[in-house]
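Trainee: Contents of data-v2.txt (compact mmCIF, C-alpha atoms) are below:
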# COMPACT_ATOMS: atom_id res chain seq x y z
CA MET A 265 104.57 101.39 80.72
CA ARG A 266 100.98 100.29 80.97
CA LEU A 267 98.36 100.72 83.66
CA THR A 268 95.39 98.39 83.42
CA ALA A 269 92.22 97.80 85.36
CA ASN A 270 90.43 94.57 84.70
CA GLY A 271 86.85 94.19 85.90
CA VAL A 272 87.36 96.35 88.97
CA SER A 273 84.37 96.49 91.32
CA CYS A 274 83.72 98.47 94.43
CA VAL A 275 81.29 97.77 97.26
CA ARG A 276 81.14 100.39 99.99
CA GLY A 277 78.87 100.10 102.99
CA GLY A 278 77.02 97.17 101.44
CA ARG A 279 76.18 99.22 98.34
CA LYS A 280 77.67 98.39 94.96
CA LEU A 281 79.18 101.59 93.63
CA TYR A 282 80.39 100.23 90.30
CA ASP A 283 80.91 96.86 88.75
CA ARG A 284 83.51 95.56 86.32
CA VAL A 285 85.25 98.79 85.31
CA SER A 286 88.09 98.12 82.88
CA PHE A 287 90.61 100.34 81.17
CA SER A 288 94.11 100.23 79.82
CA LEU A 289 96.39 103.26 79.66
CA THR A 290 99.85 103.67 78.19
CA GLY A 291 102.31 106.55 78.45
CA GLY A 292 100.87 109.93 77.50
CA GLU A 293 97.25 108.89 77.95
CA LEU A 294 94.71 110.52 80.21
CA LEU A 295 91.56 108.93 81.56
CA LEU A 296 88.76 111.20 82.64
CA LEU A 297 86.41 109.83 85.28
CA SER A 298 83.08 111.53 85.43
CA GLY A 299 79.78 110.80 87.06
CA ALA A 300 77.38 112.18 89.60
CA ASN A 301 78.33 112.85 93.23
CA GLY A 302 78.69 109.53 95.00
CA ALA A 303 79.14 107.55 91.77
CA GLY A 304 82.53 106.35 92.98
CA LYS A 305 85.10 108.55 91.22
CA THR A 306 87.20 108.98 94.34
CA SER A 307 86.83 105.32 95.28
CA LEU A 308 88.14 104.21 91.87
CA LEU A 309 91.14 106.53 92.16
CA ARG A 310 91.86 105.21 95.64
CA GLN A 311 91.62 101.65 94.38
CA VAL A 312 94.13 102.37 91.62
CA ALA A 313 96.44 103.97 94.19
CA GLY A 314 96.12 100.88 96.39
CA LEU A 315 94.55 102.90 99.18
CA LEU A 316 91.24 101.04 99.03
CA PRO A 317 90.91 97.25 98.68
CA LEU A 318 89.33 95.93 95.48
CA SER A 319 85.95 94.26 95.84
CA GLY A 320 86.65 92.42 92.60
CA GLY A 321 88.91 92.46 89.56
CA GLU A 322 92.54 93.50 89.42
CA ILE A 323 94.81 96.45 88.78
CA GLY A 324 97.99 95.82 86.82
CA PHE A 325 101.04 97.94 86.15
CA GLU A 326 103.96 97.21 83.85
CA GLY A 327 106.95 99.43 84.48
CA GLY A 328 107.87 99.32 88.13
CA ASP A 329 106.28 99.42 91.54
CA LEU A 330 102.86 101.02 91.18
CA ALA A 331 102.84 102.70 94.62
CA GLU A 332 106.28 104.20 94.06
CA GLU A 333 105.27 105.63 90.69
CA THR A 334 101.98 107.11 91.86
CA HIS A 335 101.02 110.60 92.86
CA PHE A 336 97.64 110.92 94.55
CA VAL A 337 96.11 114.37 94.99
CA GLY A 338 92.80 114.11 96.77
CA HIS A 339 90.47 116.37 98.69
CA ALA A 340 92.42 115.98 101.92
CA SER A 341 95.62 117.65 100.87
CA GLY A 342 98.09 116.31 103.45
CA ILE A 343 99.14 119.84 104.37
CA LYS A 344 100.24 120.58 107.93
CA ASP A 345 99.04 123.97 109.11
CA THR A 346 101.93 124.65 111.46
CA LEU A 347 104.62 123.92 108.86
CA SER A 348 105.53 126.62 106.37
CA VAL A 349 104.65 126.27 102.71
CA ALA A 350 108.26 125.42 101.82
CA GLU A 351 108.57 122.95 104.74
CA ASN A 352 105.42 121.14 103.67
CA LEU A 353 106.76 120.56 100.17
CA ALA A 354 110.34 119.86 101.32
CA PHE A 355 109.09 117.10 103.62
CA TRP A 356 107.39 115.20 100.80
CA CYS A 357 110.43 115.69 98.56
CA SER A 358 112.71 114.13 101.21
CA LEU A 359 110.28 111.34 102.03
CA TYR A 360 109.64 110.42 98.41
CA GLY A 361 113.38 110.56 97.81
CA SER A 362 113.26 112.72 94.73
CA ASN A 363 116.71 113.77 93.59
CA ASP A 364 115.53 115.75 90.61
CA ALA A 365 113.47 117.81 93.01
CA ALA A 366 113.19 121.50 92.40
CA PRO A 367 110.82 122.56 95.18
CA ALA A 368 111.51 126.25 94.65
CA ASP A 369 110.70 126.03 90.93
CA ALA A 370 107.54 124.10 91.68
CA LEU A 371 106.39 126.75 94.13
CA ALA A 372 107.23 129.54 91.68
CA ARG A 373 105.29 127.82 88.90
CA LEU A 374 102.20 127.68 91.12
CA LYS A 375 102.62 131.28 92.27
CA LEU A 376 103.43 130.23 95.83
CA ALA A 377 107.02 131.51 95.95
CA PRO A 378 106.17 134.75 97.81
CA LEU A 379 104.31 132.69 100.42
CA ALA A 380 107.03 130.07 100.92
CA ALA A 381 107.98 131.16 104.44
CA LEU A 382 104.44 131.55 105.73
CA PRO A 383 102.74 128.85 107.79
CA ALA A 384 100.30 126.87 105.66
CA ARG A 385 97.58 127.81 108.14
CA VAL A 386 97.18 131.23 106.50
CA LEU A 387 96.68 129.87 102.97
CA SER A 388 93.31 130.07 101.26
CA ALA A 389 91.61 126.93 99.96
CA GLY A 390 92.87 127.61 96.45
CA GLN A 391 96.42 128.22 97.65
CA LYS A 392 96.35 124.98 99.64
CA ARG A 393 95.26 123.19 96.49
CA ARG A 394 98.19 124.76 94.62
CA LEU A 395 100.54 123.57 97.37
CA ALA A 396 99.18 120.04 97.03
CA LEU A 397 99.65 120.23 93.26
CA SER A 398 103.24 121.45 93.67
CA ARG A 399 104.16 117.91 94.73
CA LEU A 400 103.42 116.77 91.19
CA LEU A 401 106.10 119.10 89.84
CA ALA A 402 108.71 118.73 92.56
CA ILE A 403 108.68 114.92 92.59
CA ARG A 404 108.76 113.06 89.27
CA ARG A 405 106.33 110.18 89.21
CA ALA A 406 104.79 108.52 86.18
CA ILE A 407 101.19 108.12 87.27
CA TRP A 408 99.07 111.01 88.46
CA LEU A 409 95.76 110.30 90.17
CA LEU A 410 93.96 113.60 90.54
CA ASP A 411 90.67 113.90 92.35
CA GLU A 412 88.94 117.07 91.16
CA PRO A 413 92.28 118.87 90.93
CA ASP A 414 90.65 122.13 89.85
CA ALA A 415 88.57 122.43 93.02
CA ALA A 416 88.96 125.91 94.57
CA LEU A 417 91.39 127.03 91.82
CA ASP A 418 90.92 130.37 90.08
CA ALA A 419 91.01 130.77 86.28
CA GLU A 420 94.76 131.30 86.22
CA GLY A 421 95.30 128.31 88.48
CA ARG A 422 93.20 126.14 86.17
CA ASP A 423 95.31 127.25 83.20
CA THR A 424 98.51 126.36 85.06
CA LEU A 425 97.05 122.99 86.06
CA LEU A 426 96.07 122.28 82.49
CA SER A 427 99.55 123.06 81.18
CA ILE A 428 101.15 120.96 83.93
CA ILE A 429 99.01 117.99 82.98
CA THR A 430 99.74 118.51 79.28
CA GLU A 431 103.49 118.58 79.96
CA HIS A 432 103.21 115.43 82.06
CA ARG A 433 101.52 113.63 79.17
CA ALA A 434 104.11 114.96 76.72
CA ARG A 435 106.82 113.41 78.93
CA GLY A 436 105.01 110.09 78.63
CA GLY A 437 103.18 110.14 81.94
CA ILE A 438 99.78 108.64 82.66
CA ALA A 439 97.03 110.62 84.36
CA ILE A 440 93.62 109.69 85.69
CA VAL A 441 91.51 112.72 86.52
CA ALA A 442 88.20 112.63 88.33
CA GLY A 443 86.13 115.70 87.76
CA HIS A 444 83.21 117.42 86.17
CA ALA A 445 84.86 118.30 82.86
CA THR A 446 85.52 121.95 83.67
CA LEU A 447 89.06 121.54 82.33
CA ALA A 448 89.80 121.20 78.59
CA LEU A 449 91.81 118.05 79.26
CA MET A 450 91.37 116.31 75.90
CA PRO A 451 91.17 112.88 77.53
CA SER A 452 92.21 109.78 75.61
CA ARG A 453 89.39 107.93 77.32
CA GLU A 454 86.43 108.76 79.47
CA ILE A 455 84.54 106.56 81.89
CA VAL A 456 81.20 107.74 83.19
CA LEU A 457 80.60 106.00 86.50
CA GLY A 458 77.04 105.24 87.47
CA ALA A 459 75.83 105.40 83.86
CA ALA A 460 74.96 101.69 83.71
CA GLU A 461 72.97 101.89 86.93
CA ALA A 462 71.15 104.96 85.65
CA ALA A 463 70.23 103.15 82.44
CA ALA A 464 69.02 100.08 84.34
CA ALA A 465 66.83 102.12 86.66
CA MET B 27 116.35 105.87 103.00
CA THR B 28 118.25 107.63 105.79
CA ARG B 29 117.15 110.97 104.36
CA ALA B 30 113.52 109.90 104.21
CA PHE B 31 113.69 108.49 107.75
CA SER B 32 115.20 111.65 109.18
CA ALA B 33 112.68 113.78 107.25
CA MET B 34 109.83 111.80 108.83
CA LEU B 35 111.38 112.01 112.29
CA ARG B 36 112.09 115.72 111.97
CA ARG B 37 108.62 116.57 110.68
CA ASP B 38 106.83 114.79 113.53
CA LEU B 39 109.16 116.34 116.09
CA VAL B 40 108.61 119.83 114.71
CA LEU B 41 104.85 119.30 114.59
CA SER B 42 104.82 118.16 118.24
CA LEU B 43 107.02 120.94 119.51
CA ARG B 44 105.41 123.82 117.64
CA ALA B 45 102.39 125.59 119.02
CA GLY B 46 99.37 123.32 119.29
CA GLY B 47 101.44 120.16 118.94
CA GLY B 48 100.76 119.08 122.50
CA ALA B 49 104.25 117.93 123.50
CA GLY B 50 103.95 119.53 126.94
CA ILE B 51 100.65 117.94 127.92
CA GLY B 52 102.26 114.74 129.22
CA VAL B 53 104.62 116.55 131.58
CA ILE B 54 101.84 118.76 132.91
CA PHE B 55 99.67 115.70 133.55
CA PHE B 56 102.62 113.96 135.21
CA LEU B 57 103.12 117.01 137.44
CA ALA B 58 99.42 117.05 138.32
CA VAL B 59 99.51 113.39 139.42
CA VAL B 60 102.61 113.94 141.54
CA MET B 61 101.14 117.07 143.12
CA VAL B 62 97.81 115.52 144.01
CA VAL B 63 99.07 112.33 145.65
CA PRO B 64 100.71 113.92 148.77
CA PHE B 65 97.44 115.68 149.54
CA ALA B 66 95.56 112.40 149.33
CA ILE B 67 98.09 110.41 151.38
CA GLY B 68 98.64 112.99 154.08
CA PRO B 69 101.84 114.48 155.49
CA ASP B 70 103.65 111.21 156.18
CA GLN B 71 107.02 111.85 154.57
CA LYS B 72 108.38 108.36 155.28
CA LEU B 73 105.44 106.72 153.57
CA LEU B 74 105.62 109.14 150.65
CA SER B 75 109.30 108.56 149.97
CA GLN B 76 108.63 104.83 150.17
CA ILE B 77 105.83 104.78 147.64
CA GLY B 78 107.24 107.72 145.65
CA PRO B 79 108.90 105.62 142.94
CA ALA B 80 105.66 103.69 142.38
CA ILE B 81 103.69 106.92 142.05
CA LEU B 82 106.24 108.32 139.61
CA TRP B 83 106.06 105.13 137.57
CA SER B 84 102.27 105.17 137.44
CA GLY B 85 102.22 108.85 136.56
CA ALA B 86 104.79 108.43 133.79
CA LEU B 87 102.92 105.44 132.38
CA LEU B 88 99.59 107.27 132.23
CA ALA B 89 101.21 110.45 130.89
CA SER B 90 102.82 108.40 128.12
CA LEU B 91 99.40 107.36 126.89
CA LEU B 92 98.31 110.94 126.29
CA GLY B 93 98.71 112.18 122.77
CA LEU B 94 99.03 108.72 121.23
CA ASP B 95 95.83 109.33 119.25
CA ARG B 96 97.56 112.14 117.35
CA VAL B 97 100.45 109.97 116.13
CA PHE B 98 98.43 108.60 113.22
CA GLY B 99 95.09 110.33 113.81
CA ALA B 100 96.28 113.74 112.65
CA ASP B 101 97.76 112.26 109.47
CA ALA B 102 94.61 110.25 108.78
CA GLU B 103 92.48 113.38 109.12
CA ASP B 104 94.37 115.60 106.72
CA GLY B 105 95.18 112.99 104.09
CA SER B 106 98.89 112.69 104.91
CA LEU B 107 98.43 109.03 105.77
CA ASP B 108 97.43 108.25 102.15
CA LEU B 109 100.59 109.93 100.93
CA LEU B 110 102.70 108.12 103.51
CA LEU B 111 101.36 104.82 102.16
CA LEU B 112 102.64 105.81 98.69
CA ALA B 113 106.14 106.62 99.95
CA PRO B 114 109.06 104.39 98.97
CA LEU B 115 109.96 104.05 102.65
CA PRO B 116 108.45 100.85 104.13
CA LEU B 117 105.46 101.59 106.37
CA GLU B 118 107.20 99.80 109.26
CA VAL B 119 110.09 102.26 109.06
CA ILE B 120 107.70 105.19 108.88
CA ALA B 121 105.90 103.87 111.96
CA PHE B 122 109.23 103.49 113.75
CA ALA B 123 110.20 107.08 112.93
CA LYS B 124 106.84 108.37 114.12
CA ALA B 125 107.07 106.45 117.42
CA LEU B 126 110.61 107.67 117.98
CA ALA B 127 109.54 111.27 117.34
CA HIS B 128 106.58 110.80 119.67
CA TRP B 129 108.84 109.47 122.41
CA LEU B 130 111.42 112.24 121.96
CA ALA B 131 108.71 114.89 122.19
CA THR B 132 106.59 113.41 124.98
CA GLY B 133 108.49 110.57 126.69
CA LEU B 134 111.94 112.07 127.11
CA PRO B 135 110.61 115.15 128.97
CA LEU B 136 108.98 112.75 131.48
CA VAL B 137 112.35 111.10 132.10
CA ILE B 138 113.99 114.48 132.62
CA ALA B 139 111.19 115.71 134.89
CA ALA B 140 111.06 112.55 137.04
CA PRO B 141 114.02 113.34 139.39
CA LEU B 142 112.61 116.82 139.90
CA PHE B 143 109.15 115.50 140.68
CA GLY B 144 110.77 112.89 142.91
CA LEU B 145 111.93 115.71 145.19
CA MET B 146 108.30 116.73 145.64
CA LEU B 147 107.54 113.25 146.98
CA GLY B 148 110.58 113.17 149.23
CA VAL B 149 112.31 110.48 147.19
CA GLU B 150 116.07 110.59 147.82
CA GLY B 151 118.32 112.02 145.13
CA LYS B 152 120.08 108.75 144.36
CA ALA B 153 116.81 106.86 144.18
CA SER B 154 115.36 109.54 141.91
CA LEU B 155 118.24 109.23 139.48
CA ALA B 156 117.92 105.44 139.46
CA LEU B 157 114.24 105.85 138.71
CA ALA B 158 114.95 108.27 135.85
CA ALA B 159 117.45 105.81 134.37
CA MET B 160 114.79 103.08 134.46
CA LEU B 161 112.21 105.40 132.93
CA LEU B 162 114.68 105.97 130.11
CA VAL B 163 114.22 102.29 129.27
CA GLY B 164 110.54 102.07 130.17
CA THR B 165 109.00 105.08 128.43
CA PRO B 166 110.17 104.13 124.91
CA ALA B 167 108.78 100.64 125.51
CA ILE B 168 105.41 102.19 126.38
CA ALA B 169 105.57 104.54 123.37
CA PHE B 170 106.29 101.71 120.92
CA LEU B 171 103.57 99.50 122.40
CA GLY B 172 101.21 102.47 122.27
CA LEU B 173 102.00 102.83 118.59
CA ILE B 174 99.97 99.68 117.94
CA GLY B 175 96.89 101.19 119.55
CA ALA B 176 97.50 104.46 117.72
CA ALA B 177 97.57 102.65 114.38
CA LEU B 178 94.46 100.58 115.17
CA ALA B 179 92.52 103.71 116.01
CA ALA B 180 94.03 105.87 113.23
CA SER B 181 90.79 106.32 111.33
CA LEU B 182 88.65 106.96 114.41
CA SER B 183 88.13 110.41 115.82
CA ARG B 184 88.40 111.01 119.59
CA ALA B 185 90.22 107.72 119.96
CA GLY B 186 92.39 108.72 122.93
CA LEU B 187 90.41 106.76 125.50
CA LEU B 188 90.06 103.72 123.26
CA ILE B 189 93.83 103.62 122.74
CA ALA B 190 94.40 103.82 126.50
CA VAL B 191 91.97 100.95 127.11
CA LEU B 192 93.64 98.86 124.40
CA ILE B 193 97.20 99.55 125.46
CA VAL B 194 97.19 99.65 129.27
CA PRO B 195 97.03 95.84 129.65
CA PHE B 196 100.09 95.47 127.43
CA THR B 197 102.05 98.00 129.45
CA ILE B 198 101.49 96.16 132.75
CA PRO B 199 104.58 93.92 132.28
CA VAL B 200 106.65 97.05 131.63
CA LEU B 201 105.32 98.51 134.87
CA ILE B 202 105.94 95.32 136.88
CA PHE B 203 109.50 94.77 135.70
CA GLY B 204 110.20 98.50 135.61
CA THR B 205 109.31 99.00 139.25
CA ALA B 206 111.16 95.80 140.21
CA ALA B 207 114.27 96.99 138.36
CA THR B 208 113.94 100.42 139.99
CA GLU B 209 113.75 98.86 143.46
CA ALA B 210 116.83 96.78 142.70
CA ALA B 211 118.66 99.88 141.43
CA ILE B 212 117.77 101.81 144.57
CA ALA B 213 119.00 98.87 146.66
CA GLY B 214 122.29 99.04 144.77
CA THR B 215 122.07 96.05 142.39
CA PRO B 216 120.86 97.67 139.17
CA PHE B 217 121.50 94.99 136.56
CA GLY B 218 119.77 91.90 137.93
CA THR B 219 117.12 89.64 136.45
CA ALA B 220 114.38 92.24 136.68
CA PHE B 221 116.39 94.72 134.63
CA LYS B 222 117.24 92.11 132.00
CA LEU B 223 113.59 91.20 131.53
CA PHE B 224 112.72 94.89 131.54
CA ALA B 225 115.28 95.67 128.83
CA ALA B 226 114.04 92.67 126.87
CA LEU B 227 110.54 94.18 126.94
CA LEU B 228 111.93 97.37 125.40
CA LEU B 229 113.68 95.46 122.59
CA PHE B 230 110.55 93.39 122.04
CA SER B 231 108.34 96.46 121.74
CA LEU B 232 110.82 98.26 119.44
CA VAL B 233 110.36 95.43 116.93
CA ILE B 234 106.75 94.39 117.46
CA GLY B 235 105.37 97.94 117.71
CA PRO B 236 106.22 99.24 114.22
CA VAL B 237 105.48 95.91 112.50
CA ALA B 238 102.08 95.52 114.16
CA ALA B 239 101.26 99.19 113.62
CA ALA B 240 102.06 98.96 109.90
CA ALA B 241 99.88 95.85 109.60
CA ALA B 242 97.03 97.64 111.40
CA LEU B 243 97.33 100.64 109.07
CA ARG B 244 97.27 98.42 105.98
CA ILE B 245 94.18 96.57 107.20
CA GLY B 246 92.49 99.82 108.15
CA ARG B 247 93.15 101.66 104.89
CA GLY B 248 89.83 100.69 103.38
CA THR B 249 87.67 102.23 106.08
Let me see the structure of the file written as structure tokens.

Mentor:
Amino acid sequence: MRLTANGVSCVRGGRKLYDRVSFSLTGGELLLLSGANGAGKTSLLRQVAGLLPLSGGEIGFEGGDLAEETHFVGHASGIKDTLSVAENLAFWCSLYGSNDAAPADALARLKLAPLAALPARVLSAGQKRRLALSRLLAIRRAIWLLDEPDAALDAEGRDTLLSIITEHRARGGIAIVAGHATLALMPSREIVLGAAEAAAA
Amino acid sequence: MTRAFSAMLRRDLVLSLRAGGGAGIGVIFFLAVVMVVPFAIGPDQKLLSQIGPAILWSGALLASLLGLDRVFGADAEDGSLDLLLLAPLPLEVIAFAKALAHWLATGLPLVIAAPLFGLMLGVEGKASLALAAMLLVGTPAIAFLGLIGAALAASLSRAGLLIAVLIVPFTIPVLIFGTAATEAAIAGTPFGTAFKLFAALLLFSLVIGPVAAAAALRIGRGT
């Protein structure tokens, strides 16, 4: 399994965010994307996920259909307020067709089990983030694209997140994490977006 | 695939029917139209029962357009649409499930309410039932055509009016053949040419709607 980006560029609103970003990741590797606000971390993740068209370059994946192997956890969490916590997760499990799903275990791991029957409306920001992250556990997919996954999480939540990511890598999964290096992720690679522009200026 | 389809259908149905989902808005609007017309026309019962089916058709058509902006708009707002694009289920099938759920929650109640509202306009019982039967064919056609507008406007906020403006011209054939088929049914010859063309419009929209909506969503994903 190999995920590659070859000379990927992104132009948004007539402004060039980044130009010719390349990387190559194999199983177990983690790429950390850092950079200032607006440098394009989210845009690059969305391009890898196929949710944003490429302005140049190409994304390649050996080992299956990229979209069907990808988990994307972004700022908008895809949580429906009127559904219960368990219903929210169960829907994605059914839609993504995961047979090895263990939604209850995933919720327990993220300390959401006591809240399972409550409507998601009553969750705090951190609890909503945990619910979004529970998809990663309940549905096995090889590539995790995480956009500031530690946002709104408390110290315990960050520890859980870290161990979940470590286990994913140990199983041979690939992860790309955008963030501000508050997690001790031990990335195999790091790309600082906007660094070239800063040097040129 | 069946499991994923039914999960999608069930989720959208539950979301519409639970508090704040807005499933009842269409029926209330429909009722408002039917209630207002007799006051505007005046107490001429013969005239009312004559134009009653046309009023019911117009009311049902306009009521069907309400809530279309939420079909994809709500998912685009909260990030669900991104996750739907990463699902193994083809986007066309997802769009079909969403349109079906939308029709079940908002279109089917209109069909059920129509004979009742027909009484308020003095439309005869038999004619009312014929009209409801025709609405059963017509409202899904409108919902699946409306799906295209909903997908085009997915990433826009407050897109309800835009969707109505985009979709109304495409629903005019449904209205023309629907009312013609209803007249024929009331006259006692329900399955003539008008009904065949009308049913063809439904089949056409069932196919074109989800395919065009999926294409619109794919084009719009970058915005």

Trainee: Just the residues within 10 Å of segment 35-43 of chain B, please, counting all atoms listed in the file, with nothing from its chain fewer than 5 positions along; format it as a PyMOL selection string.

Mentor: (chain A and resi 344-347+351-352+355) or (chain B and resi 29-30+48-50+93+96-97+120-132)

Trainee: Go ahead and save the picked residues with C-alpha atoms, as a compact mmCIF listing (two decimals), in the coordinates of the input.

Mentor:
# COMPACT_ATOMS: atom_id res chain seq x y z
CA LYS A 344 100.24 120.58 107.93
CA ASP A 345 99.04 123.97 109.11
CA THR A 346 101.93 124.65 111.46
CA LEU A 347 104.62 123.92 108.86
CA GLU A 351 108.57 122.95 104.74
CA ASN A 352 105.42 121.14 103.67
CA PHE A 355 109.09 117.10 103.62
CA ARG B 29 117.15 110.97 104.36
CA ALA B 30 113.52 109.90 104.21
CA GLY B 48 100.76 119.08 122.50
CA ALA B 49 104.25 117.93 123.50
CA GLY B 50 103.95 119.53 126.94
CA GLY B 93 98.71 112.18 122.77
CA ARG B 96 97.56 112.14 117.35
CA VAL B 97 100.45 109.97 116.13
CA ILE B 120 107.70 105.19 108.88
CA ALA B 121 105.90 103.87 111.96
CA PHE B 122 109.23 103.49 113.75
CA ALA B 123 110.20 107.08 112.93
CA LYS B 124 106.84 108.37 114.12
CA ALA B 125 107.07 106.45 117.42
CA LEU B 126 110.61 107.67 117.98
CA ALA B 127 109.54 111.27 117.34
CA HIS B 128 106.58 110.80 119.67
CA TRP B 129 108.84 109.47 122.41
CA LEU B 130 111.42 112.24 121.96
CA ALA B 131 108.71 114.89 122.19
CA THR B 132 106.59 113.41 124.98

Trainee: Residues of chain A no more than 10 Å from chain B, counting all atoms listed in the file: send them over as a PyMOL selection string.

Mentor: chain A and resi 276-277+307+310-311+313-318+329-347+351-352+354-362

Trainee: Using only C-alpha atoms - which residues lie no farther than 8 Å from the point (112.1, 94.8, 130.5) in the file's frame? Write them as a list in words.

Mentor: Val163, Gly164, Pro199, Val200, Phe203, Gly204, Ala220, Phe221, Lys222, Leu223, Phe224, Ala225, Ala226, Leu227 and Leu228 of chain B

Trainee: At what distance in Å, to one decimal, does atom CA of Asp95 of chain B lie from atom CA of Leu382 of chain A?

Mentor: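 It comes out at 27.4 Å.
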
Trainee: Find the spatial neighbours of Gly390 of chain A, counting all atoms listed in the file, within a cut-off of 12 Å - ignore same-chain residues fewer than 4 positions away - and output them as a PDB file with C-alpha atoms, keeping the file's coordinate frame.

Mentor:
ATOM      1  CA  HIS A 339      90.470 116.370  98.690  1.00  0.00           C
ATOM      2  CA  SER A 341      95.620 117.650 100.870  1.00  0.00           C
ATOM      3  CA  LEU A 374     102.200 127.680  91.120  1.00  0.00           C
ATOM      4  CA  LYS A 375     102.620 131.280  92.270  1.00  0.00           C
ATOM      5  CA  LEU A 376     103.430 130.230  95.830  1.00  0.00           C
ATOM      6  CA  ALA A 384     100.300 126.870 105.660  1.00  0.00           C
ATOM      7  CA  VAL A 386      97.180 131.230 106.500  1.00  0.00           C
ATOM      8  CA  ARG A 394      98.190 124.760  94.620  1.00  0.00           C
ATOM      9  CA  LEU A 395     100.540 123.570  97.370  1.00  0.00           C
ATOM     10  CA  ALA A 396      99.180 120.040  97.030  1.00  0.00           C
ATOM     11  CA  LEU A 397      99.650 120.230  93.260  1.00  0.00           C
ATOM     12  CA  PRO A 413      92.280 118.870  90.930  1.00  0.00           C
ATOM     13  CA  ASP A 414      90.650 122.130  89.850  1.00  0.00           C
ATOM     14  CA  ALA A 415      88.570 122.430  93.020  1.00  0.00           C
ATOM     15  CA  ALA A 416      88.960 125.910  94.570  1.00  0.00           C
ATOM     16  CA  LEU A 417      91.390 127.030  91.820  1.00  0.00           C
ATOM     17  CA  ASP A 418      90.920 130.370  90.080  1.00  0.00           C
ATOM     18  CA  ALA A 419      91.010 130.770  86.280  1.00  0.00           C
ATOM     19  CA  GLU A 420      94.760 131.300  86.220  1.00  0.00           C
ATOM     20  CA  GLY A 421      95.300 128.310  88.480  1.00  0.00           C
ATOM     21  CA  ARG A 422      93.200 126.140  86.170  1.00  0.00           C
TER      22      ARG A 422
END

Trainee: Do you know which residues are at most 9 Å from Leu82 of chain B counting only C-alpha atoms, after dropping those on the same chain fewer than 2 positions away, and could you put them as a VMD selection string?

Mentor: chain B and resid 56 59 to 60 77 to 80 84 to 87 140 143 to 144 147 157

Trainee: As an exercise, work out the distance from atom CA of Arg184 of chain B to atom CA of Leu134 of chain B in Å and give it to one decimal place.

Mentor: 24.7 Å

Trainee: Name the residues within 12 Å of (86.4, 96.2, 94.4), counting only C-alpha atoms in the file's coordinates, and put them as a PyMOL selection string.

Mentor: (chain A and resi 269-276+278-286+304+307-312+314-323) or (chain B and resi 248)

Trainee: Using only C-alpha atoms, can you tell me which of A:Ser388, A:Thr424, A:Thr290, A:Ser298 comes closest to Ile407 of chain A?

Mentor: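 With only C-alpha atoms as the atom set, the closest residue is A:Thr290.
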
Trainee: If we count all atoms listed in the file, what is near Thr306 of chain A at a cut-off of 9 Å, once residues fewer than 6 positions away on the same chain are taken out, given as a PyMOL selection string?

Mentor: chain A and resi 338+411-412+442

Trainee: With distances taken over all atoms listed in the file, which of B:Ile67, B:Ala213, B:Ile168, B:Ala239 is nearest to Ile193 of chain B?

Mentor: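 Comparing B:Ile67, B:Ala213, B:Ile168, B:Ala239 against Ile193 of chain B, the winner is B:Ile168.
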